[in-house]
file final-v2.tsv (TSV, C-alpha atoms)
chain	number	residue	atom	x	y	z
E	1	MET	CA	-7.94	-5.06	6.17
E	2	ASN	CA	-8.91	-2.92	9.13
E	3	ARG	CA	-7.40	-2.83	12.61
E	4	ARG	CA	-10.23	-4.68	14.38
E	5	ASP	CA	-10.48	-7.49	11.83
E	6	PHE	CA	-6.75	-8.11	11.86
E	7	SER	CA	-6.62	-8.59	15.61
E	8	THR	CA	-8.98	-11.58	15.38
E	9	ARG	CA	-7.57	-13.34	12.32
E	10	LEU	CA	-4.49	-15.33	11.44
E	11	ILE	CA	-2.20	-13.66	8.97
E	12	GLY	CA	-2.73	-16.13	6.15
E	13	VAL	CA	-6.52	-16.18	6.16
E	14	GLY	CA	-8.43	-14.68	3.27
E	15	ILE	CA	-5.61	-14.22	0.78
E	16	ALA	CA	-7.87	-14.66	-2.22
E	17	SER	CA	-10.32	-11.89	-1.39
E	18	ALA	CA	-8.85	-8.49	-2.20
E	19	GLY	CA	-12.20	-6.76	-1.78
E	20	ALA	CA	-12.81	-7.92	1.79
E	21	CYS	CA	-10.35	-5.47	3.33
E	22	ALA	CA	-12.75	-2.53	3.43
E	23	ALA	CA	-15.85	-2.30	5.54
E	24	LEU	CA	-18.11	-0.60	2.99
E	25	PRO	CA	-19.81	-2.66	0.24
E	26	ALA	CA	-19.47	-1.70	-3.37
E	27	ALA	CA	-22.44	0.02	-4.92
E	28	ALA	CA	-23.91	-0.86	-8.29
E	29	GLN	CA	-21.64	0.25	-11.06
E	30	SER	CA	-22.61	3.12	-13.32
E	31	ASP	CA	-20.94	4.72	-16.30
E	32	ALA	CA	-18.78	6.88	-14.06
E	33	PRO	CA	-17.59	6.17	-10.51
E	34	GLN	CA	-19.82	7.81	-7.94
E	35	GLU	CA	-18.58	9.80	-4.97
E	36	GLY	CA	-19.74	8.24	-1.73
E	37	THR	CA	-19.89	4.76	-3.24
E	38	GLN	CA	-16.86	3.87	-5.37
E	39	PHE	CA	-14.73	6.61	-3.82
E	40	THR	CA	-14.91	9.13	-1.01
E	41	ARG	CA	-13.64	12.67	-0.58
E	42	VAL	CA	-10.90	13.47	1.93
E	43	GLU	CA	-11.87	16.30	4.27
E	44	PRO	CA	-9.79	18.24	4.88
E	45	PRO	CA	-7.60	17.50	1.85
E	46	VAL	CA	-4.07	16.29	2.49
E	47	PRO	CA	-1.47	18.43	0.66
E	48	PRO	CA	0.27	16.25	-1.96
E	49	ALA	CA	4.00	16.29	-2.47
E	50	ALA	CA	4.93	19.44	-4.36
E	51	ASN	CA	6.58	17.81	-7.36
E	52	GLY	CA	4.32	19.11	-10.13
E	53	LYS	CA	2.75	15.69	-10.72
E	54	ILE	CA	-0.54	14.07	-9.77
E	55	GLU	CA	0.10	12.08	-6.62
E	56	VAL	CA	-1.29	8.56	-6.20
E	57	LEU	CA	-0.58	6.70	-2.95
E	58	GLU	CA	-1.20	3.08	-2.05
E	59	PHE	CA	-1.44	2.53	1.70
E	60	PHE	CA	-0.56	-1.09	2.44
E	61	SER	CA	1.01	-3.56	4.84
E	62	TYR	CA	2.99	-6.72	4.19
E	63	ALA	CA	0.90	-8.23	7.00
E	64	CYS	CA	-2.40	-7.66	5.17
E	65	PRO	CA	-3.64	-10.60	3.06
E	66	HIS	CA	-5.81	-8.28	0.97
E	67	CYS	CA	-2.80	-6.12	0.13
E	68	ASN	CA	-1.05	-9.30	-0.94
E	69	ALA	CA	-3.96	-10.16	-3.24
E	70	PHE	CA	-4.09	-6.59	-4.61
E	71	GLU	CA	-0.36	-6.26	-5.28
E	72	PRO	CA	-0.17	-8.07	-8.67
E	73	SER	CA	-2.84	-5.77	-10.09
E	74	VAL	CA	-1.17	-2.67	-8.65
E	75	GLU	CA	2.21	-3.72	-9.96
E	76	ALA	CA	0.90	-4.19	-13.51
E	77	TRP	CA	-1.08	-0.93	-13.36
E	78	ALA	CA	1.89	1.09	-12.07
E	79	LYS	CA	4.03	0.07	-15.04
E	80	LYS	CA	1.64	1.84	-17.43
E	81	LEU	CA	1.25	5.17	-15.63
E	82	PRO	CA	1.63	8.37	-17.67
E	83	ALA	CA	4.56	10.65	-16.98
E	84	ASP	CA	2.51	13.22	-15.08
E	85	VAL	CA	1.53	10.74	-12.33
E	86	SER	CA	3.69	10.04	-9.28
E	87	PHE	CA	2.90	6.71	-7.62
E	88	LYS	CA	4.17	5.80	-4.16
E	89	ARG	CA	3.44	3.02	-1.71
E	90	VAL	CA	3.04	3.96	1.95
E	91	PRO	CA	3.31	1.24	4.63
E	92	VAL	CA	0.86	1.70	7.50
E	93	HIS	CA	1.58	1.43	11.20
E	94	PHE	CA	-1.48	-0.33	12.59
E	95	LEU	CA	-1.11	-4.01	11.65
E	96	MET	CA	1.18	-6.79	12.85
E	97	ASN	CA	4.94	-6.19	12.84
E	98	ALA	CA	4.28	-2.69	11.52
E	99	GLU	CA	7.61	-1.06	12.39
E	100	ASN	CA	9.72	-3.83	10.87
E	101	PHE	CA	7.58	-4.10	7.76
E	102	ALA	CA	7.60	-0.34	7.20
E	103	ARG	CA	11.38	-0.27	7.63
E	104	THR	CA	11.64	-3.24	5.26
E	105	TYR	CA	9.81	-1.40	2.51
E	106	TYR	CA	11.82	1.80	2.85
E	107	ALA	CA	15.08	-0.13	3.10
E	108	LEU	CA	14.25	-1.91	-0.16
E	109	GLU	CA	13.40	1.46	-1.68
E	110	THR	CA	16.71	2.91	-0.46
E	111	ILE	CA	18.79	0.16	-2.07
E	112	GLY	CA	16.67	0.10	-5.24
E	113	GLN	CA	15.20	-3.38	-4.75
E	114	VAL	CA	11.45	-2.76	-4.36
E	115	ASP	CA	10.60	-4.07	-7.83
E	116	ALA	CA	12.72	-7.18	-7.31
E	117	LEU	CA	11.65	-8.09	-3.79
E	118	ASN	CA	8.27	-6.55	-2.98
E	119	ARG	CA	6.25	-9.57	-4.13
E	120	LYS	CA	8.77	-11.92	-2.49
E	121	ILE	CA	8.24	-10.29	0.91
E	122	PHE	CA	4.49	-10.72	0.51
E	123	ALA	CA	4.97	-14.37	-0.49
E	124	ALA	CA	7.23	-15.05	2.50
E	125	VAL	CA	4.52	-13.78	4.85
E	126	HIS	CA	1.39	-15.18	3.20
E	127	VAL	CA	2.61	-18.31	1.42
E	128	ASP	CA	5.58	-19.46	3.50
E	129	ARG	CA	3.93	-18.11	6.70
E	130	LEU	CA	7.12	-16.47	7.98
E	131	ARG	CA	6.52	-13.90	10.71
E	132	LEU	CA	9.77	-11.99	10.05
E	133	GLU	CA	9.79	-10.42	13.50
E	134	LYS	CA	13.55	-9.80	13.60
E	135	PRO	CA	15.56	-7.60	11.20
E	136	GLU	CA	18.08	-10.41	10.81
E	137	GLU	CA	15.33	-12.76	9.59
E	138	ILE	CA	14.30	-10.24	6.98
E	139	ALA	CA	17.93	-9.72	5.94
E	140	ALA	CA	18.33	-13.49	5.55
E	141	LEU	CA	15.28	-13.58	3.28
E	142	VAL	CA	16.67	-10.70	1.24
E	143	ALA	CA	20.04	-12.44	0.93
E	144	LYS	CA	18.32	-15.67	-0.11
E	145	ASN	CA	16.86	-13.73	-3.02
E	146	GLY	CA	20.22	-12.44	-4.25
E	147	VAL	CA	20.48	-9.06	-2.51
E	148	ASP	CA	23.27	-8.09	-0.11
E	149	GLY	CA	21.84	-8.71	3.37
E	150	ALA	CA	24.36	-6.45	5.09
E	151	LYS	CA	23.54	-3.58	2.74
E	152	PHE	CA	19.86	-4.12	3.44
E	153	LEU	CA	20.41	-4.06	7.22
E	154	ASN	CA	22.45	-0.86	6.96
E	155	ALA	CA	19.54	0.79	5.17
E	156	PHE	CA	17.00	-0.81	7.53
E	157	ASN	CA	18.72	0.77	10.54
E	158	SER	CA	19.50	4.11	8.89
E	159	PHE	CA	18.28	7.52	9.98
E	160	SER	CA	16.77	8.17	6.55
E	161	VAL	CA	14.59	5.03	6.75
E	162	ALA	CA	13.51	5.94	10.28
E	163	THR	CA	12.53	9.38	8.97
E	164	SER	CA	10.51	7.80	6.14
E	165	VAL	CA	8.68	5.56	8.61
E	166	THR	CA	7.77	8.55	10.78
E	167	ARG	CA	6.56	10.46	7.74
E	168	ALA	CA	4.44	7.48	6.66
E	169	LYS	CA	2.77	7.32	10.09
E	170	LYS	CA	1.87	11.00	9.92
E	171	LEU	CA	0.54	10.63	6.39
E	172	ALA	CA	-1.71	7.70	7.32
E	173	GLU	CA	-2.99	9.67	10.30
E	174	ALA	CA	-3.72	12.67	8.07
E	175	TYR	CA	-5.87	10.45	5.86
E	176	ARG	CA	-7.50	8.92	8.99
E	177	LEU	CA	-7.14	5.43	7.59
E	178	ASP	CA	-8.57	2.40	9.31
E	179	GLY	CA	-8.05	-0.21	6.61
E	180	VAL	CA	-5.79	-1.27	3.75
E	181	PRO	CA	-5.27	-1.46	0.85
E	182	THR	CA	-6.40	2.09	0.21
E	183	MET	CA	-5.57	4.23	-2.82
E	184	ALA	CA	-5.42	8.01	-2.49
E	185	VAL	CA	-5.38	10.52	-5.35
E	186	GLN	CA	-3.94	14.03	-5.07
E	187	GLY	CA	-4.78	14.23	-1.37
E	188	ARG	CA	-8.49	14.63	-2.18
E	189	TYR	CA	-10.01	11.22	-2.84
E	190	VAL	CA	-9.64	7.64	-1.65
E	191	THR	CA	-10.87	4.31	-2.99
E	192	SER	CA	-10.21	0.63	-2.40
E	193	PRO	CA	-11.14	-2.78	-3.78
E	194	GLY	CA	-13.81	-2.95	-1.09
E	195	LEU	CA	-15.39	0.33	-2.13
E	196	ALA	CA	-15.05	-0.15	-5.86
E	197	GLY	CA	-15.99	-3.82	-5.97
E	198	ASN	CA	-12.69	-5.52	-6.82
E	199	ALA	CA	-9.06	-4.77	-7.64
E	200	GLU	CA	-9.60	-3.91	-11.29
E	201	ARG	CA	-12.50	-1.57	-10.57
E	202	ALA	CA	-10.51	0.15	-7.83
E	203	LEU	CA	-7.70	0.92	-10.25
E	204	ALA	CA	-10.23	2.11	-12.85
E	205	VAL	CA	-11.60	4.50	-10.22
E	206	VAL	CA	-8.05	5.71	-9.57
E	207	ASP	CA	-7.62	6.38	-13.30
E	208	PHE	CA	-10.92	8.31	-13.29
E	209	LEU	CA	-9.75	10.40	-10.32
E	210	VAL	CA	-6.38	11.04	-11.93
E	211	ALA	CA	-8.18	12.37	-15.01
E	212	ARG	CA	-10.33	14.57	-12.77
E	213	ALA	CA	-7.23	15.91	-11.01
E	214	ARG	CA	-5.56	16.56	-14.35
E	215	LYS	CA	-8.49	18.70	-15.50
E	216	ALA	CA	-8.55	20.59	-12.22
call {"tool": "encode", "arguments": {"input": "final-v2.tsv", "output": "structure tokens"}}
result
Amino acid sequence: MNRRDFSTRLIGVGIASAGACAALPAAAQSDAPQEGTQFTRVEPPVPPAANGKIEVLEFFSYACPHCNAFEPSVEAWAKKLPADVSFKRVPVHFLMNAENFARTYYALETIGQVDALNRKIFAAVHVDRLRLEKPEEIAALVAKNGVDGAKFLNAFNSFSVATSVTRAKKLAEAYRLDGVPTMAVQGRYVTSPGLAGNAERALAVVDFLVARARKA
């Protein structure tokens, strides 16, 4: 979902359409993904984290219904990644409740509860229609799902989480994003369900780009 579209829509609208979040239509599929249609090149490239692995990023927001629709596919795909691929989610700063939602993600990451609660946060926003505008409301949701709410709030308000949020803002700006979900590979290429055609094709394009990065 892009910034302009979000400002004119209610948060729960369009959950079922993961591909609608990007402005560009998908081109006809060919044997191999085509640059300029199923994916685009990042110019200038964004230096990936120097960890010796191929970096894949998913830019997302808990406020985005298309990210919510994309998440089950991403979650299943991430579980099968080879050892030489580093996958990270990056919350963006340009949709509703951005600061709180970014802090929520990094707090969950800090206390090791992303896998347990990521889908539950999405469901609270898009199924239960909770706005979660206050940290205490988010902590109550976390506690309801069996995680220490006080521990979550300590992480939520920590300097390290604030640093991660700032770094995420700079990273999204470096990629010049205007919509989510967006997948980035090795700082050189981006794709999305909107570009590729749907969630499964987007992840197939990511796999193609990972293989290209591996050869390079």
call {"tool": "closest_residue", "arguments": {"input": "final-v2.tsv", "among": "E:Leu132, E:Val147, E:Val90, E:Val142", "to": "Tyr106 (chain E)", "atoms": "all atoms listed in the file"}}
result
E:Val90
call {"tool": "atom_distance", "arguments": {"input": "final-v2.tsv", "atom1": "CA of Phe60 (chain E)", "atom2": "CA of Ala216 (chain E)"}}
result
27.4 Å
call {"tool": "atom_distance", "arguments": {"input": "final-v2.tsv", "atom1": "CA of Leu209 (chain E)", "atom2": "CA of Asn68 (chain E)"}}
result
23.5 Å
call {"tool": "closest_atom_pairs", "arguments": {"input": "final-v2.tsv", "of": "region 88-165 of chain E", "to": "region 171-190 of chain E", "cutoff": "12 Å", "atoms": "all atoms listed in the file", "output": "tab-separated table"}}
result
residue	atom	partner	partner_atom	distance
E:Lys88	CA	E:Met183	CA	10.0
E:Arg89	CA	E:Met183	CA	9.2
E:Val90	CA	E:Ala172	CA	8.1
E:Pro91	CA	E:Ala172	CA	8.6
E:Val92	CA	E:Ala172	CA	6.5
E:His93	CA	E:Ala172	CA	8.1
E:Phe94	CA	E:Asp178	CA	8.3
E:Leu95	CA	E:Gly179	CA	9.4
E:Ser164	CA	E:Leu171	CA	10.4
E:Val165	CA	E:Leu171	CA	9.8
call {"tool": "atom_distance", "arguments": {"input": "final-v2.tsv", "atom1": "CA of Ala63 (chain E)", "atom2": "CA of Phe39 (chain E)"}}
result
24.1 Å
call {"tool": "closest_residue", "arguments": {"input": "final-v2.tsv", "among": "E:Val42, E:Leu141, E:Pro33, E:Gly52", "to": "Ala123 (chain E)", "atoms": "only C-alpha atoms"}}
result
E:Leu141
call {"tool": "closest_residue", "arguments": {"input": "final-v2.tsv", "among": "E:Asp31, E:Glu99, E:Asp115, E:Glu55", "to": "Lys169 (chain E)", "atoms": "all atoms listed in the file"}}
result
E:Glu99
call {"tool": "closest_residue", "arguments": {"input": "final-v2.tsv", "among": "E:Ala102, E:Leu195, E:Val206, E:Ala143", "to": "Gly36 (chain E)", "atoms": "all atoms listed in the file"}}
result
E:Leu195
call {"tool": "closest_residue", "arguments": {"input": "final-v2.tsv", "among": "E:Ile54, E:Met1, E:Ala139, E:Val74", "to": "Glu200 (chain E)", "atoms": "all atoms listed in the file"}}
result
E:Val74
call {"tool": "closest_residue", "arguments": {"input": "final-v2.tsv", "among": "E:Tyr62, E:Asn198, E:Ala140, E:Glu133", "to": "Tyr105 (chain E)", "atoms": "only C-alpha atoms"}}
result
E:Tyr62
call {"tool": "residues_around", "arguments": {"input": "final-v2.tsv", "residues": "Glu137 (chain E)", "least_positions_apart": "4", "cutoff": "12 Å", "atoms": "all atoms listed in the file", "output": "PyMOL selection string"}}
result
chain E and resi 100-101+104+121+124-125+130-133+141-144+149-150+152-153
call {"tool": "axis_aligned_box", "arguments": {"input": "final-v2.tsv", "around": "region 141-158 of chain E", "padding_each_side": "6 Å", "output": "lines of an AutoDock Vina configuration file"}}
result
center_x = 19.8
center_y = -5.8
center_z = 3.1
size_x = 21.1
size_y = 31.8
size_z = 26.8
call {"tool": "decode", "arguments": {"input": "final-v2.tsv", "residues": "region 18-118 of chain E", "atoms": "C-alpha atoms", "output": "compact mmCIF listing (two decimals), in the first residue's frame"}}
result
# COMPACT_ATOMS: atom_id res chain seq x y z
CA ALA E 18 -2.05 -8.71 -1.66
CA GLY E 19 -1.21 -7.51 -5.15
CA ALA E 20 -3.08 -4.20 -4.90
CA CYS E 21 -0.45 -2.53 -2.74
CA ALA E 22 1.82 -1.51 -5.61
CA ALA E 23 0.97 0.99 -8.28
CA LEU E 24 2.54 -0.83 -11.24
CA PRO E 25 0.66 -3.70 -12.95
CA ALA E 26 2.27 -7.05 -13.44
CA ALA E 27 3.52 -7.81 -16.91
CA ALA E 28 2.93 -11.06 -18.73
CA GLN E 29 4.98 -13.82 -17.24
CA SER E 30 7.91 -15.29 -19.12
CA ASP E 31 10.33 -18.07 -18.34
CA ALA E 32 12.51 -15.75 -16.29
CA PRO E 33 11.47 -12.61 -14.39
CA GLN E 34 12.10 -9.48 -16.42
CA GLU E 35 13.78 -6.36 -15.09
CA GLY E 36 11.46 -3.38 -15.35
CA THR E 37 8.35 -5.54 -15.08
CA GLN E 38 8.55 -8.19 -12.35
CA PHE E 39 11.38 -6.40 -10.56
CA THR E 40 13.28 -3.14 -10.74
CA ARG E 41 16.88 -2.16 -10.13
CA VAL E 42 17.84 0.08 -7.21
CA GLU E 43 19.93 3.05 -8.30
CA PRO E 44 22.15 3.78 -6.56
CA PRO E 45 22.46 0.39 -4.83
CA VAL E 46 21.98 0.30 -1.07
CA PRO E 47 24.93 -1.37 0.71
CA PRO E 48 23.68 -4.59 2.36
CA ALA E 49 24.65 -5.57 5.87
CA ALA E 50 28.20 -6.88 5.83
CA ASN E 51 27.53 -10.34 7.22
CA GLY E 52 28.74 -12.46 4.30
CA LYS E 53 25.21 -13.53 3.35
CA ILE E 54 22.76 -12.51 0.65
CA GLU E 55 20.45 -9.94 2.20
CA VAL E 56 16.69 -10.08 1.62
CA LEU E 57 14.51 -7.41 3.23
CA GLU E 58 10.74 -7.19 3.49
CA PHE E 59 9.51 -3.64 4.02
CA PHE E 60 6.11 -3.77 5.70
CA SER E 61 3.68 -2.16 8.12
CA TYR E 62 1.21 -3.70 10.54
CA ALA E 63 -1.20 -1.01 9.30
CA CYS E 64 -1.07 -2.24 5.68
CA PRO E 65 -3.81 -4.73 4.69
CA HIS E 66 -1.72 -5.99 1.78
CA CYS E 67 1.18 -6.76 4.12
CA ASN E 68 -1.29 -8.68 6.25
CA ALA E 69 -2.37 -10.70 3.22
CA PHE E 70 1.26 -11.28 2.16
CA GLU E 71 2.52 -12.35 5.58
CA PRO E 72 1.42 -16.03 5.53
CA SER E 73 3.27 -16.59 2.26
CA VAL E 74 6.37 -14.77 3.51
CA GLU E 75 6.35 -16.71 6.76
CA ALA E 76 6.22 -20.07 4.97
CA TRP E 77 8.87 -19.00 2.45
CA ALA E 78 11.26 -17.73 5.14
CA LYS E 79 11.27 -21.10 6.90
CA LYS E 80 12.85 -22.74 3.83
CA LEU E 81 15.63 -20.26 3.11
CA PRO E 82 19.14 -21.62 2.51
CA ALA E 83 21.87 -20.88 5.01
CA ASP E 84 23.55 -18.24 2.86
CA VAL E 85 20.47 -15.95 2.87
CA SER E 86 19.76 -13.42 5.61
CA PHE E 87 16.10 -12.39 5.79
CA LYS E 88 14.92 -9.38 7.79
CA ARG E 89 11.67 -7.48 8.05
CA VAL E 90 11.85 -3.69 8.11
CA PRO E 91 8.84 -1.69 9.37
CA VAL E 92 8.23 1.51 7.41
CA HIS E 93 7.49 4.95 8.78
CA PHE E 94 4.88 6.35 6.41
CA LEU E 95 1.60 4.62 7.33
CA MET E 96 -0.76 4.92 10.29
CA ASN E 97 0.66 4.54 13.80
CA ALA E 98 4.10 4.06 12.26
CA GLU E 99 6.25 4.81 15.30
CA ASN E 100 4.33 2.48 17.62
CA PHE E 101 4.14 -0.31 15.07
CA ALA E 102 7.84 -0.08 14.26
CA ARG E 103 8.68 -0.14 17.97
CA THR E 104 6.31 -3.09 18.39
CA TYR E 105 8.13 -5.14 15.79
CA TYR E 106 11.59 -4.41 17.16
CA ALA E 107 10.44 -5.00 20.73
CA LEU E 108 9.10 -8.42 19.71
CA GLU E 109 12.41 -9.09 17.98
CA THR E 110 14.33 -8.04 21.09
CA ILE E 111 12.44 -10.44 23.36
CA GLY E 112 12.45 -13.25 20.79
CA GLN E 113 8.70 -13.29 20.12
CA VAL E 114 8.38 -12.29 16.46
CA ASP E 115 7.53 -15.81 15.29
CA ALA E 116 4.94 -16.23 18.04
CA LEU E 117 3.21 -12.86 17.79
CA ASN E 118 3.80 -11.31 14.36
